[in-house]
Amino acid sequence: MTTELRFDFTVDRAAQTVTITREFNADQSMVWDAFTKAEMLDQWVAPKPFSARTKHMDFQVGGRRFYAMVSPDGQERWLIQEYTSITPKTNFKMFNAFADENENPQLPGSDWDYTFSENNGLTKVRIVIHNESLERMDKMLEMGFTEGYKASINNLETLLEILSNQ
């Protein structure tokens with residue numbers, strides 16, 4: 001029996017937020033690891049044909065991940081994620097901003113709030129992205145964020161299936 005997995009993607013311009021809710025047919029611990037370990041993030045977070053390459057990641061409050069989205073021709077678009085709150089296995093928050101190759105953030109950025117829960121073998125991830133400005137949110141959406149993130153989440157689903165069958 002195939003269960004239809006929930007996938008909601010909502011843009012609220014008035015609140016300057018994007019809310020993504022997605023269910024995965026995997027245990028919560030595995031899904032948590034996929035969002036919090038560089039070696040797993042690099043396997044799914046970039047929509048194909050792009051790839052992700054983490055230069056460094058320190059998943060703790062005050063720590064950061066510095067990584068690049070790499071195009072097929074080798075062009076890099078750098079990002080910084082600074083972790084502001086972590087409740088193991090259930091929630092973490094971070095500030096996300098584009099950056100240059102020297103880790104200088106290009107502001108404004110956005111605050112991301114990830115919540116993880118499991119019910120009957122399905123893990124639900126709810127991501128609320130609050131943008132510091134409507135202009136930043138619009139730019140993010142114009143750059144293809146909606147399509148790109150949906151493709152990335154599909155990559156994650158494939159990775160979780162592979163890991164679950166090992």
# chains A, B, ... in the order shown; residues from 1 in each chain; ligands from 1

call {"tool": "closest_atom_pairs", "arguments": {"of": "segment 43-96 of chain A", "to": "segment 20-30 of chain A", "cutoff": "10 Å", "atoms": "only C-alpha atoms", "output": "tab-separated table"}}
result
residue	atom	partner	partner_atom	distance
A:Pro88	CA	A:Ser29	CA	9.6
A:Lys89	CA	A:Ser29	CA	6.4
A:Thr90	CA	A:Gln28	CA	8.4

call {"tool": "residues_around", "arguments": {"residues": "Asp113 of chain A", "least_positions_apart": "4", "cutoff": "8 Å", "atoms": "only C-alpha atoms", "output": "list in words"}}
result
Asn91, Phe92, Lys93, Met94, Arg126, Ile127, Val128 and Ile129 of chain A

call {"tool": "select_by_dssp", "arguments": {"residues": "segment 19-166 of chain A", "states": "helix (DSSP H, G or I)", "output": "PyMOL selection string"}}
result
chain A and resi 28-36+38-44+134-142+145-164

call {"tool": "closest_residue", "arguments": {"among": "A:Ala46, A:Leu134, A:Ala68, A:Val18", "to": "Trp112 of chain A", "atoms": "only C-alpha atoms"}}
result
A:Val18

call {"tool": "closest_residue", "arguments": {"among": "A:Glu4, A:Glu103, A:Glu39, A:Glu76", "to": "Arg64 of chain A", "atoms": "only C-alpha atoms"}}
result
A:Glu103
